[in-house]
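Pasted below: coords.cif, mmCIF, N, CA and C atoms; chains and numbers go by the auth columns.
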```cif
data_query
loop_
_atom_site.group_PDB
_atom_site.id
_atom_site.type_symbol
_atom_site.label_atom_id
_atom_site.label_comp_id
_atom_site.label_asym_id
_atom_site.label_seq_id
_atom_site.Cartn_x
_atom_site.Cartn_y
_atom_site.Cartn_z
_atom_site.B_iso_or_equiv
_atom_site.auth_seq_id
_atom_site.auth_asym_id
ATOM 1 N N MET A 1 -29.673 -17.424 -0.228 0.00 866 A
ATOM 2 C CA MET A 1 -28.331 -17.533 -0.710 0.00 866 A
ATOM 3 C C MET A 1 -27.924 -16.174 -1.250 0.00 866 A
ATOM 4 N N LYS A 2 -26.761 -15.727 -0.873 0.00 867 A
ATOM 5 C CA LYS A 2 -26.241 -14.459 -1.385 0.00 867 A
ATOM 6 C C LYS A 2 -25.093 -14.751 -2.330 0.00 867 A
ATOM 7 N N ILE A 3 -25.182 -14.240 -3.551 0.00 868 A
ATOM 8 C CA ILE A 3 -24.043 -14.341 -4.450 0.00 868 A
ATOM 9 C C ILE A 3 -23.272 -13.034 -4.357 0.00 868 A
ATOM 10 N N SER A 4 -22.020 -13.164 -4.020 0.00 869 A
ATOM 11 C CA SER A 4 -21.168 -11.992 -3.837 0.00 869 A
ATOM 12 C C SER A 4 -19.721 -12.446 -3.739 0.00 869 A
ATOM 13 N N SER A 5 -18.832 -11.498 -3.629 0.00 870 A
ATOM 14 C CA SER A 5 -17.408 -11.768 -3.390 0.00 870 A
ATOM 15 C C SER A 5 -16.759 -12.646 -4.442 0.00 870 A
ATOM 16 N N ALA A 6 -17.162 -12.510 -5.685 0.00 871 A
ATOM 17 C CA ALA A 6 -16.556 -13.324 -6.744 0.00 871 A
ATOM 18 C C ALA A 6 -15.048 -13.139 -6.784 0.00 871 A
ATOM 19 N N TYR A 7 -14.595 -11.986 -6.375 0.00 872 A
ATOM 20 C CA TYR A 7 -13.165 -11.684 -6.401 0.00 872 A
ATOM 21 C C TYR A 7 -12.378 -12.481 -5.366 0.00 872 A
ATOM 22 N N GLN A 8 -13.008 -12.902 -4.290 0.00 873 A
ATOM 23 C CA GLN A 8 -12.270 -13.563 -3.212 0.00 873 A
ATOM 24 C C GLN A 8 -11.716 -14.921 -3.600 0.00 873 A
ATOM 25 N N ASP A 9 -12.481 -15.700 -4.329 0.00 874 A
ATOM 26 C CA ASP A 9 -12.053 -17.052 -4.678 0.00 874 A
ATOM 27 C C ASP A 9 -11.583 -17.184 -6.117 0.00 874 A
ATOM 28 N N SER A 10 -11.584 -16.110 -6.857 0.00 875 A
ATOM 29 C CA SER A 10 -11.252 -16.182 -8.272 0.00 875 A
ATOM 30 C C SER A 10 -9.771 -16.461 -8.494 0.00 875 A
ATOM 31 N N LYS A 11 -9.514 -17.408 -9.363 0.00 876 A
ATOM 32 C CA LYS A 11 -8.135 -17.679 -9.791 0.00 876 A
ATOM 33 C C LYS A 11 -7.800 -16.838 -11.019 0.00 876 A
ATOM 34 N N VAL A 12 -8.840 -16.490 -11.799 0.00 877 A
ATOM 35 C CA VAL A 12 -8.666 -15.675 -12.997 0.00 877 A
ATOM 36 C C VAL A 12 -8.399 -14.225 -12.608 0.00 877 A
ATOM 37 N N GLY A 13 -9.136 -13.748 -11.622 0.00 878 A
ATOM 38 C CA GLY A 13 -8.963 -12.384 -11.145 0.00 878 A
ATOM 39 C C GLY A 13 -9.653 -11.334 -11.996 0.00 878 A
ATOM 40 N N ALA A 14 -9.307 -10.097 -11.694 0.00 879 A
ATOM 41 C CA ALA A 14 -9.911 -8.943 -12.363 0.00 879 A
ATOM 42 C C ALA A 14 -9.467 -8.898 -13.816 0.00 879 A
ATOM 43 N N PRO A 15 -10.240 -8.298 -14.681 0.00 880 A
ATOM 44 C CA PRO A 15 -11.533 -7.701 -14.383 0.00 880 A
ATOM 45 C C PRO A 15 -12.709 -8.665 -14.516 0.00 880 A
ATOM 46 N N SER A 16 -12.496 -9.869 -15.048 0.00 881 A
ATOM 47 C CA SER A 16 -13.654 -10.710 -15.375 0.00 881 A
ATOM 48 C C SER A 16 -14.135 -11.616 -14.251 0.00 881 A
ATOM 49 N N TYR A 17 -13.226 -12.095 -13.415 0.00 882 A
ATOM 50 C CA TYR A 17 -13.592 -13.063 -12.369 0.00 882 A
ATOM 51 C C TYR A 17 -14.429 -14.201 -12.958 0.00 882 A
ATOM 52 N N SER A 18 -14.179 -14.525 -14.206 0.00 883 A
ATOM 53 C CA SER A 18 -15.048 -15.424 -14.974 0.00 883 A
ATOM 54 C C SER A 18 -15.131 -16.841 -14.426 0.00 883 A
ATOM 55 N N ASP A 19 -14.168 -17.244 -13.637 0.00 884 A
ATOM 56 C CA ASP A 19 -14.221 -18.601 -13.086 0.00 884 A
ATOM 57 C C ASP A 19 -15.274 -18.751 -11.994 0.00 884 A
ATOM 58 N N ASN A 20 -15.880 -17.660 -11.580 0.00 885 A
ATOM 59 C CA ASN A 20 -16.922 -17.729 -10.557 0.00 885 A
ATOM 60 C C ASN A 20 -18.327 -17.493 -11.108 0.00 885 A
ATOM 61 N N ILE A 21 -18.447 -17.417 -12.411 0.00 886 A
ATOM 62 C CA ILE A 21 -19.767 -17.209 -13.012 0.00 886 A
ATOM 63 C C ILE A 21 -20.651 -18.435 -12.825 0.00 886 A
ATOM 64 N N ALA A 22 -20.108 -19.607 -13.066 0.00 887 A
ATOM 65 C CA ALA A 22 -20.915 -20.835 -13.072 0.00 887 A
ATOM 66 C C ALA A 22 -21.611 -21.104 -11.743 0.00 887 A
ATOM 67 N N ILE A 23 -20.943 -20.887 -10.638 0.00 888 A
ATOM 68 C CA ILE A 23 -21.552 -21.185 -9.335 0.00 888 A
ATOM 69 C C ILE A 23 -22.725 -20.244 -9.057 0.00 888 A
ATOM 70 N N GLY A 24 -22.552 -18.959 -9.342 0.00 889 A
ATOM 71 C CA GLY A 24 -23.657 -18.020 -9.153 0.00 889 A
ATOM 72 C C GLY A 24 -24.822 -18.327 -10.069 0.00 889 A
ATOM 73 N N LYS A 25 -24.514 -18.685 -11.308 0.00 890 A
ATOM 74 C CA LYS A 25 -25.563 -19.038 -12.268 0.00 890 A
ATOM 75 C C LYS A 25 -26.326 -20.272 -11.803 0.00 890 A
ATOM 76 N N ALA A 26 -25.615 -21.238 -11.259 0.00 891 A
ATOM 77 C CA ALA A 26 -26.268 -22.456 -10.759 0.00 891 A
ATOM 78 C C ALA A 26 -27.231 -22.134 -9.618 0.00 891 A
ATOM 79 N N PHE A 27 -26.830 -21.249 -8.714 0.00 892 A
ATOM 80 C CA PHE A 27 -27.716 -20.861 -7.614 0.00 892 A
ATOM 81 C C PHE A 27 -28.964 -20.161 -8.144 0.00 892 A
ATOM 82 N N VAL A 28 -28.779 -19.225 -9.070 0.00 893 A
ATOM 83 C CA VAL A 28 -29.917 -18.485 -9.624 0.00 893 A
ATOM 84 C C VAL A 28 -30.862 -19.425 -10.359 0.00 893 A
ATOM 85 N N GLU A 29 -30.317 -20.343 -11.133 0.00 894 A
ATOM 86 C CA GLU A 29 -31.163 -21.280 -11.877 0.00 894 A
ATOM 87 C C GLU A 29 -31.896 -22.245 -10.945 0.00 894 A
ATOM 88 N N ALA A 30 -31.246 -22.656 -9.867 0.00 895 A
ATOM 89 C CA ALA A 30 -31.846 -23.632 -8.954 0.00 895 A
ATOM 90 C C ALA A 30 -32.980 -23.043 -8.126 0.00 895 A
ATOM 91 N N CYS A 31 -32.823 -21.805 -7.687 0.00 896 A
ATOM 92 C CA CYS A 31 -33.812 -21.245 -6.767 0.00 896 A
ATOM 93 C C CYS A 31 -33.821 -19.714 -6.863 0.00 896 A
ATOM 94 N N PRO A 32 -34.270 -19.166 -7.983 0.00 897 A
ATOM 95 C CA PRO A 32 -34.168 -17.721 -8.193 0.00 897 A
ATOM 96 C C PRO A 32 -34.891 -16.875 -7.150 0.00 897 A
ATOM 97 N N GLU A 33 -35.928 -17.426 -6.528 0.00 898 A
ATOM 98 C CA GLU A 33 -36.676 -16.642 -5.534 0.00 898 A
ATOM 99 C C GLU A 33 -35.981 -16.588 -4.178 0.00 898 A
ATOM 100 N N LYS A 34 -34.824 -17.225 -4.051 0.00 899 A
ATOM 101 C CA LYS A 34 -34.099 -17.247 -2.776 0.00 899 A
ATOM 102 C C LYS A 34 -32.723 -16.593 -2.847 0.00 899 A
ATOM 103 N N VAL A 35 -32.361 -16.012 -3.986 0.00 900 A
ATOM 104 C CA VAL A 35 -31.009 -15.487 -4.184 0.00 900 A
ATOM 105 C C VAL A 35 -30.988 -13.975 -4.027 0.00 900 A
ATOM 106 N N LEU A 36 -29.988 -13.492 -3.312 0.00 901 A
ATOM 107 C CA LEU A 36 -29.705 -12.064 -3.177 0.00 901 A
ATOM 108 C C LEU A 36 -28.319 -11.800 -3.743 0.00 901 A
ATOM 109 N N TRP A 37 -28.050 -10.562 -4.088 0.00 902 A
ATOM 110 C CA TRP A 37 -26.724 -10.164 -4.547 0.00 902 A
ATOM 111 C C TRP A 37 -26.180 -9.140 -3.566 0.00 902 A
ATOM 112 N N GLY A 38 -24.873 -9.178 -3.349 0.00 903 A
ATOM 113 C CA GLY A 38 -24.231 -8.183 -2.498 0.00 903 A
ATOM 114 C C GLY A 38 -22.851 -7.843 -3.017 0.00 903 A
ATOM 115 N N SER A 39 -22.440 -6.610 -2.830 0.00 904 A
ATOM 116 C CA SER A 39 -21.119 -6.177 -3.301 0.00 904 A
ATOM 117 C C SER A 39 -20.015 -6.506 -2.303 0.00 904 A
ATOM 118 N N ASP A 40 -20.379 -6.681 -1.047 0.00 905 A
ATOM 119 C CA ASP A 40 -19.440 -6.856 0.062 0.00 905 A
ATOM 120 C C ASP A 40 -18.576 -5.626 0.308 0.00 905 A
ATOM 121 N N TRP A 41 -19.012 -4.474 -0.206 0.00 906 A
ATOM 122 C CA TRP A 41 -18.321 -3.233 0.080 0.00 906 A
ATOM 123 C C TRP A 41 -18.374 -2.994 1.583 0.00 906 A
ATOM 124 N N PRO A 42 -17.336 -2.601 2.223 0.00 907 A
ATOM 125 C CA PRO A 42 -16.081 -2.028 1.739 0.00 907 A
ATOM 126 C C PRO A 42 -14.936 -3.034 1.590 0.00 907 A
ATOM 127 N N HIS A 43 -15.242 -4.292 1.401 0.00 908 A
ATOM 128 C CA HIS A 43 -14.252 -5.337 1.120 0.00 908 A
ATOM 129 C C HIS A 43 -13.195 -5.465 2.219 0.00 908 A
ATOM 130 N N PRO A 44 -13.625 -5.705 3.456 0.00 909 A
ATOM 131 C CA PRO A 44 -12.665 -5.762 4.564 0.00 909 A
ATOM 132 C C PRO A 44 -11.609 -6.849 4.404 0.00 909 A
ATOM 133 N N SER A 45 -11.961 -7.976 3.810 0.00 910 A
ATOM 134 C CA SER A 45 -10.959 -9.039 3.664 0.00 910 A
ATOM 135 C C SER A 45 -9.826 -8.608 2.739 0.00 910 A
ATOM 136 N N GLU A 46 -10.134 -7.815 1.750 0.00 911 A
ATOM 137 C CA GLU A 46 -9.088 -7.341 0.839 0.00 911 A
ATOM 138 C C GLU A 46 -8.173 -6.360 1.567 0.00 911 A
ATOM 139 N N TYR A 47 -8.759 -5.516 2.392 0.00 912 A
ATOM 140 C CA TYR A 47 -7.966 -4.559 3.164 0.00 912 A
ATOM 141 C C TYR A 47 -7.068 -5.292 4.159 0.00 912 A
ATOM 142 N N ILE A 48 -7.647 -6.214 4.908 0.00 913 A
ATOM 143 C CA ILE A 48 -6.889 -6.954 5.924 0.00 913 A
ATOM 144 C C ILE A 48 -5.750 -7.744 5.298 0.00 913 A
ATOM 145 N N ASN A 49 -6.007 -8.357 4.152 0.00 914 A
ATOM 146 C CA ASN A 49 -4.994 -9.178 3.483 0.00 914 A
ATOM 147 C C ASN A 49 -4.101 -8.385 2.534 0.00 914 A
ATOM 148 N N LYS A 50 -4.263 -7.061 2.548 0.00 915 A
ATOM 149 C CA LYS A 50 -3.442 -6.158 1.743 0.00 915 A
ATOM 150 C C LYS A 50 -3.455 -6.526 0.256 0.00 915 A
ATOM 151 N N ARG A 51 -4.668 -6.816 -0.235 0.00 916 A
ATOM 152 C CA ARG A 51 -4.847 -7.110 -1.653 0.00 916 A
ATOM 153 C C ARG A 51 -5.525 -5.928 -2.329 0.00 916 A
ATOM 154 N N GLU A 52 -5.396 -5.869 -3.620 0.00 917 A
ATOM 155 C CA GLU A 52 -6.015 -4.801 -4.392 0.00 917 A
ATOM 156 C C GLU A 52 -7.537 -4.861 -4.262 0.00 917 A
ATOM 157 N N MET A 53 -8.138 -3.711 -4.083 0.00 918 A
ATOM 158 C CA MET A 53 -9.592 -3.646 -3.972 0.00 918 A
ATOM 159 C C MET A 53 -10.235 -3.978 -5.316 0.00 918 A
ATOM 160 N N PRO A 54 -11.324 -4.739 -5.296 0.00 919 A
ATOM 161 C CA PRO A 54 -12.002 -5.078 -6.546 0.00 919 A
ATOM 162 C C PRO A 54 -12.739 -3.877 -7.123 0.00 919 A
ATOM 163 N N ASN A 55 -12.940 -3.921 -8.412 0.00 920 A
ATOM 164 C CA ASN A 55 -13.737 -2.918 -9.100 0.00 920 A
ATOM 165 C C ASN A 55 -15.201 -3.316 -8.922 0.00 920 A
ATOM 166 N N ASP A 56 -15.947 -2.542 -8.172 0.00 921 A
ATOM 167 C CA ASP A 56 -17.335 -2.899 -7.863 0.00 921 A
ATOM 168 C C ASP A 56 -18.213 -2.991 -9.110 0.00 921 A
ATOM 169 N N ILE A 57 -17.934 -2.184 -10.109 0.00 922 A
ATOM 170 C CA ILE A 57 -18.711 -2.252 -11.351 0.00 922 A
ATOM 171 C C ILE A 57 -18.454 -3.583 -12.055 0.00 922 A
ATOM 172 N N ALA A 58 -17.202 -4.023 -12.093 0.00 923 A
ATOM 173 C CA ALA A 58 -16.877 -5.316 -12.713 0.00 923 A
ATOM 174 C C ALA A 58 -17.559 -6.453 -11.962 0.00 923 A
ATOM 175 N N VAL A 59 -17.593 -6.356 -10.642 0.00 924 A
ATOM 176 C CA VAL A 59 -18.247 -7.389 -9.834 0.00 924 A
ATOM 177 C C VAL A 59 -19.756 -7.391 -10.107 0.00 924 A
ATOM 178 N N LEU A 60 -20.360 -6.224 -10.185 0.00 925 A
ATOM 179 C CA LEU A 60 -21.791 -6.137 -10.503 0.00 925 A
ATOM 180 C C LEU A 60 -22.075 -6.663 -11.907 0.00 925 A
ATOM 181 N N ASP A 61 -21.178 -6.394 -12.841 0.00 926 A
ATOM 182 C CA ASP A 61 -21.372 -6.876 -14.212 0.00 926 A
ATOM 183 C C ASP A 61 -21.485 -8.396 -14.284 0.00 926 A
ATOM 184 N N LEU A 62 -20.870 -9.100 -13.350 0.00 927 A
ATOM 185 C CA LEU A 62 -20.976 -10.561 -13.329 0.00 927 A
ATOM 186 C C LEU A 62 -22.422 -11.022 -13.174 0.00 927 A
ATOM 187 N N LEU A 63 -23.218 -10.227 -12.494 0.00 928 A
ATOM 188 C CA LEU A 63 -24.599 -10.631 -12.243 0.00 928 A
ATOM 189 C C LEU A 63 -25.354 -10.893 -13.538 0.00 928 A
ATOM 190 N N SER A 64 -25.077 -10.118 -14.580 0.00 929 A
ATOM 191 C CA SER A 64 -25.796 -10.320 -15.845 0.00 929 A
ATOM 192 C C SER A 64 -25.436 -11.644 -16.505 0.00 929 A
ATOM 193 N N GLU A 65 -24.333 -12.248 -16.082 0.00 930 A
ATOM 194 C CA GLU A 65 -23.964 -13.565 -16.598 0.00 930 A
ATOM 195 C C GLU A 65 -24.454 -14.684 -15.677 0.00 930 A
ATOM 196 N N GLN A 66 -24.844 -14.326 -14.479 0.00 931 A
ATOM 197 C CA GLN A 66 -25.368 -15.309 -13.527 0.00 931 A
ATOM 198 C C GLN A 66 -26.893 -15.318 -13.538 0.00 931 A
ATOM 199 N N ALA A 67 -27.481 -14.160 -13.585 0.00 932 A
ATOM 200 C CA ALA A 67 -28.933 -14.000 -13.735 0.00 932 A
ATOM 201 C C ALA A 67 -29.127 -13.528 -15.169 0.00 932 A
ATOM 202 N N THR A 68 -29.442 -14.445 -16.054 0.00 933 A
ATOM 203 C CA THR A 68 -29.265 -14.226 -17.486 0.00 933 A
ATOM 204 C C THR A 68 -30.425 -13.565 -18.219 0.00 933 A
ATOM 205 N N THR A 69 -31.459 -13.178 -17.505 0.00 934 A
ATOM 206 C CA THR A 69 -32.565 -12.447 -18.135 0.00 934 A
ATOM 207 C C THR A 69 -32.868 -11.212 -17.289 0.00 934 A
ATOM 208 N N PRO A 70 -33.480 -10.198 -17.886 0.00 935 A
ATOM 209 C CA PRO A 70 -33.867 -9.028 -17.093 0.00 935 A
ATOM 210 C C PRO A 70 -34.784 -9.397 -15.924 0.00 935 A
ATOM 211 N N GLU A 71 -35.630 -10.390 -16.128 0.00 936 A
ATOM 212 C CA GLU A 71 -36.540 -10.821 -15.063 0.00 936 A
ATOM 213 C C GLU A 71 -35.769 -11.417 -13.883 0.00 936 A
ATOM 214 N N LEU A 72 -34.744 -12.200 -14.178 0.00 937 A
ATOM 215 C CA LEU A 72 -33.939 -12.783 -13.094 0.00 937 A
ATOM 216 C C LEU A 72 -33.128 -11.718 -12.365 0.00 937 A
ATOM 217 N N VAL A 73 -32.598 -10.757 -13.102 0.00 938 A
ATOM 218 C CA VAL A 73 -31.865 -9.658 -12.462 0.00 938 A
ATOM 219 C C VAL A 73 -32.798 -8.899 -11.523 0.00 938 A
ATOM 220 N N LYS A 74 -34.008 -8.607 -11.985 0.00 939 A
ATOM 221 C CA LYS A 74 -34.990 -7.921 -11.137 0.00 939 A
ATOM 222 C C LYS A 74 -35.330 -8.763 -9.915 0.00 939 A
ATOM 223 N N GLN A 75 -35.461 -10.063 -10.105 0.00 940 A
ATOM 224 C CA GLN A 75 -35.753 -10.967 -8.983 0.00 940 A
ATOM 225 C C GLN A 75 -34.666 -10.858 -7.917 0.00 940 A
ATOM 226 N N VAL A 76 -33.412 -10.925 -8.354 0.00 941 A
ATOM 227 C CA VAL A 76 -32.276 -10.939 -7.425 0.00 941 A
ATOM 228 C C VAL A 76 -32.039 -9.572 -6.782 0.00 941 A
ATOM 229 N N LEU A 77 -32.142 -8.503 -7.562 0.00 942 A
ATOM 230 C CA LEU A 77 -31.807 -7.167 -7.050 0.00 942 A
ATOM 231 C C LEU A 77 -32.974 -6.414 -6.420 0.00 942 A
ATOM 232 N N VAL A 78 -34.207 -6.751 -6.800 0.00 943 A
ATOM 233 C CA VAL A 78 -35.360 -5.967 -6.344 0.00 943 A
ATOM 234 C C VAL A 78 -36.362 -6.806 -5.552 0.00 943 A
ATOM 235 N N LEU A 79 -36.902 -7.831 -6.189 0.00 944 A
ATOM 236 C CA LEU A 79 -38.010 -8.567 -5.581 0.00 944 A
ATOM 237 C C LEU A 79 -37.594 -9.364 -4.350 0.00 944 A
ATOM 238 N N ASN A 80 -36.495 -10.076 -4.431 0.00 945 A
ATOM 239 C CA ASN A 80 -36.065 -10.882 -3.277 0.00 945 A
ATOM 240 C C ASN A 80 -35.689 -10.021 -2.069 0.00 945 A
ATOM 241 N N PRO A 81 -34.896 -8.949 -2.262 0.00 946 A
ATOM 242 C CA PRO A 81 -34.616 -8.098 -1.098 0.00 946 A
ATOM 243 C C PRO A 81 -35.883 -7.450 -0.526 0.00 946 A
ATOM 244 N N ALA A 82 -36.802 -7.049 -1.401 0.00 947 A
ATOM 245 C CA ALA A 82 -38.049 -6.440 -0.925 0.00 947 A
ATOM 246 C C ALA A 82 -38.828 -7.410 -0.051 0.00 947 A
ATOM 247 N N LYS A 83 -38.875 -8.654 -0.477 0.00 948 A
ATOM 248 C CA LYS A 83 -39.582 -9.668 0.316 0.00 948 A
ATOM 249 C C LYS A 83 -38.860 -9.927 1.636 0.00 948 A
ATOM 250 N N LEU A 84 -37.552 -10.086 1.582 0.00 949 A
ATOM 251 C CA LEU A 84 -36.769 -10.367 2.786 0.00 949 A
ATOM 252 C C LEU A 84 -36.903 -9.262 3.832 0.00 949 A
ATOM 253 N N TYR A 85 -36.822 -8.015 3.386 0.00 950 A
ATOM 254 C CA TYR A 85 -36.834 -6.890 4.319 0.00 950 A
ATOM 255 C C TYR A 85 -38.215 -6.272 4.513 0.00 950 A
ATOM 256 N N GLY A 86 -39.241 -6.858 3.895 0.00 951 A
ATOM 257 C CA GLY A 86 -40.602 -6.374 4.097 0.00 951 A
ATOM 258 C C GLY A 86 -40.901 -5.052 3.428 0.00 951 A
ATOM 259 N N PHE A 87 -40.294 -4.787 2.276 0.00 952 A
ATOM 260 C CA PHE A 87 -40.524 -3.532 1.560 0.00 952 A
ATOM 261 C C PHE A 87 -41.758 -3.573 0.677 0.00 952 A
ATOM 262 N N GLU A 88 -42.428 -4.703 0.612 0.00 953 A
ATOM 263 C CA GLU A 88 -43.568 -4.831 -0.299 0.00 953 A
ATOM 264 C C GLU A 88 -44.791 -4.148 0.255 0.00 953 A
#
```

Write the structure described by the file as structure tokens, please.
Amino acid sequence: MKISSAYQDSKVGAPSYSDNIAIGKAFVEACPEKVLWGSDWPHPSEYINKREMPNDIAVLDLLSEQATTPELVKQVLVLNPAKLYGFE
């Protein structure tokens, strides 16, 4: 499961995108060893739909509210991608 694109479905919008925290947190809590994070840069859907580009730092900041411990952040950003792509 990849958690990303919080800006696409957010009704709250920038900078917090806070209405999308719960779903990402639920995925991380349910199966932390299967979750990846992605920025979705260069945000083609925003370009195509002529919407304002999201602030990538704000989008990344959401991860600390979805993966609520340093260990979970490391799992999502380091360990899971390493396993998936064979970097171990």

Kindly resolve the PyMOL selection byres (((chain A and resi 884-896 and name CA) around 10) and name CA) on the present coordinates and return the residues as an mmCIF file with N, CA and C atoms, in the frame of the given file.
```cif
data_model
loop_
_atom_site.group_PDB
_atom_site.id
_atom_site.type_symbol
_atom_site.label_atom_id
_atom_site.label_comp_id
_atom_site.auth_asym_id
_atom_site.auth_seq_id
_atom_site.Cartn_x
_atom_site.Cartn_y
_atom_site.Cartn_z
ATOM 1 N N MET A 866 -29.673 -17.424 -0.228
ATOM 2 C CA MET A 866 -28.331 -17.533 -0.710
ATOM 3 C C MET A 866 -27.924 -16.174 -1.250
ATOM 4 N N LYS A 867 -26.761 -15.727 -0.873
ATOM 5 C CA LYS A 867 -26.241 -14.459 -1.385
ATOM 6 C C LYS A 867 -25.093 -14.751 -2.330
ATOM 7 N N ILE A 868 -25.182 -14.240 -3.551
ATOM 8 C CA ILE A 868 -24.043 -14.341 -4.450
ATOM 9 C C ILE A 868 -23.272 -13.034 -4.357
ATOM 10 N N SER A 869 -22.020 -13.164 -4.020
ATOM 11 C CA SER A 869 -21.168 -11.992 -3.837
ATOM 12 C C SER A 869 -19.721 -12.446 -3.739
ATOM 13 N N SER A 870 -18.832 -11.498 -3.629
ATOM 14 C CA SER A 870 -17.408 -11.768 -3.390
ATOM 15 C C SER A 870 -16.759 -12.646 -4.442
ATOM 16 N N ALA A 871 -17.162 -12.510 -5.685
ATOM 17 C CA ALA A 871 -16.556 -13.324 -6.744
ATOM 18 C C ALA A 871 -15.048 -13.139 -6.784
ATOM 19 N N TYR A 872 -14.595 -11.986 -6.375
ATOM 20 C CA TYR A 872 -13.165 -11.684 -6.401
ATOM 21 C C TYR A 872 -12.378 -12.481 -5.366
ATOM 22 N N GLN A 873 -13.008 -12.902 -4.290
ATOM 23 C CA GLN A 873 -12.270 -13.563 -3.212
ATOM 24 C C GLN A 873 -11.716 -14.921 -3.600
ATOM 25 N N ASP A 874 -12.481 -15.700 -4.329
ATOM 26 C CA ASP A 874 -12.053 -17.052 -4.678
ATOM 27 C C ASP A 874 -11.583 -17.184 -6.117
ATOM 28 N N SER A 875 -11.584 -16.110 -6.857
ATOM 29 C CA SER A 875 -11.252 -16.182 -8.272
ATOM 30 C C SER A 875 -9.771 -16.461 -8.494
ATOM 31 N N LYS A 876 -9.514 -17.408 -9.363
ATOM 32 C CA LYS A 876 -8.135 -17.679 -9.791
ATOM 33 C C LYS A 876 -7.800 -16.838 -11.019
ATOM 34 N N VAL A 877 -8.840 -16.490 -11.799
ATOM 35 C CA VAL A 877 -8.666 -15.675 -12.997
ATOM 36 C C VAL A 877 -8.399 -14.225 -12.608
ATOM 37 N N GLY A 878 -9.136 -13.748 -11.622
ATOM 38 C CA GLY A 878 -8.963 -12.384 -11.145
ATOM 39 C C GLY A 878 -9.653 -11.334 -11.996
ATOM 40 N N SER A 881 -12.496 -9.869 -15.048
ATOM 41 C CA SER A 881 -13.654 -10.710 -15.375
ATOM 42 C C SER A 881 -14.135 -11.616 -14.251
ATOM 43 N N TYR A 882 -13.226 -12.095 -13.415
ATOM 44 C CA TYR A 882 -13.592 -13.063 -12.369
ATOM 45 C C TYR A 882 -14.429 -14.201 -12.958
ATOM 46 N N SER A 883 -14.179 -14.525 -14.206
ATOM 47 C CA SER A 883 -15.048 -15.424 -14.974
ATOM 48 C C SER A 883 -15.131 -16.841 -14.426
ATOM 49 N N PRO A 897 -34.270 -19.166 -7.983
ATOM 50 C CA PRO A 897 -34.168 -17.721 -8.193
ATOM 51 C C PRO A 897 -34.891 -16.875 -7.150
ATOM 52 N N GLU A 898 -35.928 -17.426 -6.528
ATOM 53 C CA GLU A 898 -36.676 -16.642 -5.534
ATOM 54 C C GLU A 898 -35.981 -16.588 -4.178
ATOM 55 N N LYS A 899 -34.824 -17.225 -4.051
ATOM 56 C CA LYS A 899 -34.099 -17.247 -2.776
ATOM 57 C C LYS A 899 -32.723 -16.593 -2.847
ATOM 58 N N VAL A 900 -32.361 -16.012 -3.986
ATOM 59 C CA VAL A 900 -31.009 -15.487 -4.184
ATOM 60 C C VAL A 900 -30.988 -13.975 -4.027
ATOM 61 N N LEU A 901 -29.988 -13.492 -3.312
ATOM 62 C CA LEU A 901 -29.705 -12.064 -3.177
ATOM 63 C C LEU A 901 -28.319 -11.800 -3.743
ATOM 64 N N TRP A 902 -28.050 -10.562 -4.088
ATOM 65 C CA TRP A 902 -26.724 -10.164 -4.547
ATOM 66 C C TRP A 902 -26.180 -9.140 -3.566
ATOM 67 N N LEU A 927 -20.870 -9.100 -13.350
ATOM 68 C CA LEU A 927 -20.976 -10.561 -13.329
ATOM 69 C C LEU A 927 -22.422 -11.022 -13.174
ATOM 70 N N LEU A 928 -23.218 -10.227 -12.494
ATOM 71 C CA LEU A 928 -24.599 -10.631 -12.243
ATOM 72 C C LEU A 928 -25.354 -10.893 -13.538
ATOM 73 N N SER A 929 -25.077 -10.118 -14.580
ATOM 74 C CA SER A 929 -25.796 -10.320 -15.845
ATOM 75 C C SER A 929 -25.436 -11.644 -16.505
ATOM 76 N N GLU A 930 -24.333 -12.248 -16.082
ATOM 77 C CA GLU A 930 -23.964 -13.565 -16.598
ATOM 78 C C GLU A 930 -24.454 -14.684 -15.677
ATOM 79 N N GLN A 931 -24.844 -14.326 -14.479
ATOM 80 C CA GLN A 931 -25.368 -15.309 -13.527
ATOM 81 C C GLN A 931 -26.893 -15.318 -13.538
ATOM 82 N N ALA A 932 -27.481 -14.160 -13.585
ATOM 83 C CA ALA A 932 -28.933 -14.000 -13.735
ATOM 84 C C ALA A 932 -29.127 -13.528 -15.169
ATOM 85 N N THR A 933 -29.442 -14.445 -16.054
ATOM 86 C CA THR A 933 -29.265 -14.226 -17.486
ATOM 87 C C THR A 933 -30.425 -13.565 -18.219
ATOM 88 N N LEU A 937 -34.744 -12.200 -14.178
ATOM 89 C CA LEU A 937 -33.939 -12.783 -13.094
ATOM 90 C C LEU A 937 -33.128 -11.718 -12.365
ATOM 91 N N VAL A 938 -32.598 -10.757 -13.102
ATOM 92 C CA VAL A 938 -31.865 -9.658 -12.462
ATOM 93 C C VAL A 938 -32.798 -8.899 -11.523
ATOM 94 N N GLN A 940 -35.461 -10.063 -10.105
ATOM 95 C CA GLN A 940 -35.753 -10.967 -8.983
ATOM 96 C C GLN A 940 -34.666 -10.858 -7.917
ATOM 97 N N VAL A 941 -33.412 -10.925 -8.354
ATOM 98 C CA VAL A 941 -32.276 -10.939 -7.425
ATOM 99 C C VAL A 941 -32.039 -9.572 -6.782
#
```

Within chain A, find each residue whose DSSP state, derived from the backbone, is alpha helix (DSSP H), and express the selection as number ranges by chain. A: 871-874, 886-895, 909-913, 921-926, 928-931, 935-939, 945-950

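We find atom CA of A:Pro880 and atom CA of A:Asp921 to be spaced 10.0 Å apart.
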
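Counting only N, CA and C atoms, A:Pro919 has the following residues at most 8 Å away, ignoring those fewer than 2 positions along the same chain: Tyr872, Ala879, Pro907, His908, Glu911, Arg916, Glu917, Asp921, Ile922, Ala923 and Val924 of chain A.
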
Among the residues of chain A, find those DSSP assigns to strand (DSSP E or B) from the backbone and print them as a list in words.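 Taking chain A and keeping strand (DSSP E or B) only, one gets Lys867, Ile868, Leu901 and Trp902 of chain A.
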
Given 3 Å on each side, where is the centre and what are the edge lengths in Å to one decimal of the axis-aligned box enclosing the listed atoms of stretch 921-939 of chain A, as lines of an AutoDock Vina configuration file?
```
center_x = -26.2
center_y = -8.8
center_z = -13.0
size_x = 26.6
size_y = 19.1
size_z = 16.4
```
